[in-house]
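Inspection log for the structure reproduced underneath, given as structure tokens.
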Amino acid sequence: MPYPTDFRYTKEHEWIKTDGKNATVGITVYAQESLGDIVFVELPKVGSEITAGKTFGTVESVKAVSDLYAPASGTVTEINGELATAPEKINKDAHSAWMIKVTLKNPAELNSLLSAADYEKFIAEEAGH
Amino acid sequence: MKHMTRKATRHVNQNEGLIFEKSSAGKAAWKLPPLDVPEVDTAKLLGAAERKDLGNMPEVSEIEIIRHFTRLSTWNYAIDLGMYPLGSCTMKYNPRVNEVVARLDGLANGHPYQPEKISQGALRILKTLSDCLIEITGMDAITLQPAAGAHGELTGLLIVRAYHQAKGNPRKKVLIPDSAHGTNPATAAMVGYSVENLKSNPKGMVDVAALAAQMDEDVAALMLTNPNTLGVFEQEINKIAEIMHAKGGLLYMDGANMNALVGKVRPGDFGVDVMHLNLHKTFSTPHGGGGPGSGPVAVKQTLEPFLPKPVVITKPDGTLAFEYNRPMSVGRVRAFYGNFGMFVRALAYILANGPDGLRQTTEDAVLNTNYIRKGLDGIYDLPYSTPTMHEVVFSDKLQQKKGVKTGDIAKRLIDYGFHPYTVSFPLIVHGALMIEPTESESKEEMDLFIEAMKSIAEEVQEDPQMVLDAPHSTRVSRLDEVAAARKPVLRWKPAS
């Protein structure tokens, strides 16, 4: 599974990519596979604060509605408006269909997240359950 | 179909459009008698608000109405047609004696605003049902008001919150096992608590050591379903209750699976402080769209002051009355006194069965489940080998190898004349098939079910695509769920 090595991952299956204090957040390929066809994404407003480990939105598939968990704390600077009309983009390419862009409060928070290798190990265990 | 099933055969039933499409201008199913009061000039009274054109209201004759709804009703599947093995939902038979009693004139035509003096019979029903449920659960007091299970949970947690609040601190968190019904975390969140997940151990039960580590004085309650959604009895329930109580927390029991315990063991005796019951599951009142539901909440004495008001009390002269003067109460949670018609039915069920009958019911529900478990073990993967009570959870692991998932097997089961089992729940089992026959099913019906499930397992090996395309014999074939969600058509529009 091609999990980019420049991303960090949560156990709730979000990815985050950073460039200094600016970060981009989405959900992983594994997440979209588990969810199935995604039909709706609810994202926070630009300017709102998100907190590491807390929910920042929801993603709805034909199977379930799931919370989105913030990989790190910060302020939302941009949301991917395309997902409102084309949520299937996440199914097509979860790692480029980003959800929000954030200015991080404390980039060091990312140190506690999983690397690509650790994440792949984690989902292998979860899938084997 | 490779294996002809003995349960279902294709038969003709009629197509039916929307009733709006049957409309012809001027047709009516009614005729009014001559006016015997002075005519009123509506235009004068209503002015511009008067409406002559009612828009697209269907205009049809009486027999067209009758046929329309009768035809639609032939498309249904119901417990009165066959086994409804929807796990966790307890789709048991709704005995007709319940319906007879609920239709007795004095009950069916009673009004909640009748004076108490002439409502003594109805009050006696509330009181007797309350006493029975208290005896069955081993609790001390009860409210019958909540209108369904999730409403019962909400009421129960409002009581939990009021209790902690009265002690000076409502606390912050509610602990919920990962096998719980989804309504549990939703309830806790609605009542203003944050939810903390409890991992199950390899046997599918609460990990007691993990609970002890997670429990602290910020935790208001643990919401536990017992037996849990795997149908597994939490054997360390006493220890669980002790851990909660040692830190001042309460033990909430989701009584959705109480049908596995009635007459055998009482939650009040194993440390539960507050719980709800589902009369529409355990006590045989109608379920689903035909409901309405009913979710009484039973509590221990310490929580009694917080029960919704009014409560039924016995006055010194022996008559019954509603007591409203309850300053600590969480307030009213439902109009009037709850879904009274369901109380009548549940009480009829309890009294018709009696203690021994209720115990037998529980034993039969557990026996039936284990008969199915034994019949399908090995054909479908059983992820937890722990003994199960009233429901059993398989996984689609063996069928997944051919690309067939639990949802596909469920669709194929429709072709065999059964309502599907519960699909993809509980969440701790990947690709879950959750099956609950209830005590209502005969050995013959369960044998047909087992045969159907075995036959589908063979079909998965031989022709997986056929199963992926199921159902084949229904009015409509596999629906495009994605299109329905992404581009829903939400209303009919007349052809212009």
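Ligands are numbered from 1 in the order shown, chains are lettered A, B, ... in the order of the structure tokens, and residues start at 1 in each chain.
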
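Selected on chain B by distance to chain A: Glu481, Val482, Ala485 and Arg486 of chain B (within 7 Å, counting only C-alpha atoms).
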
DSSP-assigned strand (DSSP E or B) members of chain A, reported as a PyMOL selection string: chain A and resi 7-9+14-19+22-27+38-42+49-50+55-61+65-69+74-79+100-104+114

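From atom CA of B:Glu196 back to atom CA of A:Glu42, the distance works out to 23.0 Å.
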
Among stretch 30-128 of chain A, which ones does DSSP place in helix (DSSP H, G or I), written as an MDAnalysis selection string? chainID A and resid 30:35 82:85 88:92 107:112 116:127

Requested write-out: C-alpha atoms of the selected residues, as a PDB file, in the first residue's frame:
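Below you can see again00.pdb, which holds the result:
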ATOM      1  CA  TYR A  30      -7.306   2.342   4.364  1.00  0.00           C
ATOM      2  CA  ALA A  31      -9.959   4.625   5.886  1.00  0.00           C
ATOM      3  CA  GLN A  32     -11.759   5.157   2.586  1.00  0.00           C
ATOM      4  CA  GLU A  33     -11.627   1.413   1.843  1.00  0.00           C
ATOM      5  CA  SER A  34     -13.179   0.620   5.202  1.00  0.00           C
ATOM      6  CA  LEU A  35     -15.826   3.305   4.829  1.00  0.00           C
ATOM      7  CA  GLU A  82     -14.525  20.425  -4.000  1.00  0.00           C
ATOM      8  CA  LEU A  83     -15.489  17.648  -1.589  1.00  0.00           C
ATOM      9  CA  ALA A  84     -18.922  19.186  -1.061  1.00  0.00           C
ATOM     10  CA  THR A  85     -19.986  18.257  -4.578  1.00  0.00           C
ATOM     11  CA  GLU A  88     -15.992  10.457  -4.367  1.00  0.00           C
ATOM     12  CA  LYS A  89     -12.592  12.108  -4.916  1.00  0.00           C
ATOM     13  CA  ILE A  90     -11.627  10.668  -1.517  1.00  0.00           C
ATOM     14  CA  ASN A  91     -12.423   7.160  -2.738  1.00  0.00           C
ATOM     15  CA  LYS A  92     -10.441   7.757  -5.923  1.00  0.00           C
ATOM     16  CA  PRO A 107       4.429  21.302  15.180  1.00  0.00           C
ATOM     17  CA  ALA A 108       6.131  19.125  17.818  1.00  0.00           C
ATOM     18  CA  GLU A 109       2.761  17.423  18.375  1.00  0.00           C
ATOM     19  CA  LEU A 110       3.432  15.498  15.190  1.00  0.00           C
ATOM     20  CA  ASN A 111       6.214  13.562  16.866  1.00  0.00           C
ATOM     21  CA  SER A 112       3.642  11.415  18.622  1.00  0.00           C
ATOM     22  CA  ALA A 116       4.182   5.438   7.236  1.00  0.00           C
ATOM     23  CA  ALA A 117       5.889   2.174   8.254  1.00  0.00           C
ATOM     24  CA  ASP A 118       4.287   2.172  11.719  1.00  0.00           C
ATOM     25  CA  TYR A 119       0.902   2.958  10.233  1.00  0.00           C
ATOM     26  CA  GLU A 120       1.136   0.101   7.762  1.00  0.00           C
ATOM     27  CA  LYS A 121       2.010  -2.229  10.621  1.00  0.00           C
ATOM     28  CA  PHE A 122      -0.938  -0.864  12.623  1.00  0.00           C
ATOM     29  CA  ILE A 123      -3.507  -1.419   9.859  1.00  0.00           C
ATOM     30  CA  ALA A 124      -2.154  -4.888   9.108  1.00  0.00           C
ATOM     31  CA  GLU A 125      -2.928  -5.784  12.740  1.00  0.00           C
ATOM     32  CA  GLU A 126      -6.323  -4.099  12.634  1.00  0.00           C
ATOM     33  CA  ALA A 127      -7.339  -5.843   9.405  1.00  0.00           C
TER      34      ALA A 127
END

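Ranking A:Pro2, A:Ile16, A:Ile79, A:Ile100 by their shortest atom-to-atom distance to A:Leu114, with only C-alpha atoms included, puts A:Ile16 first.
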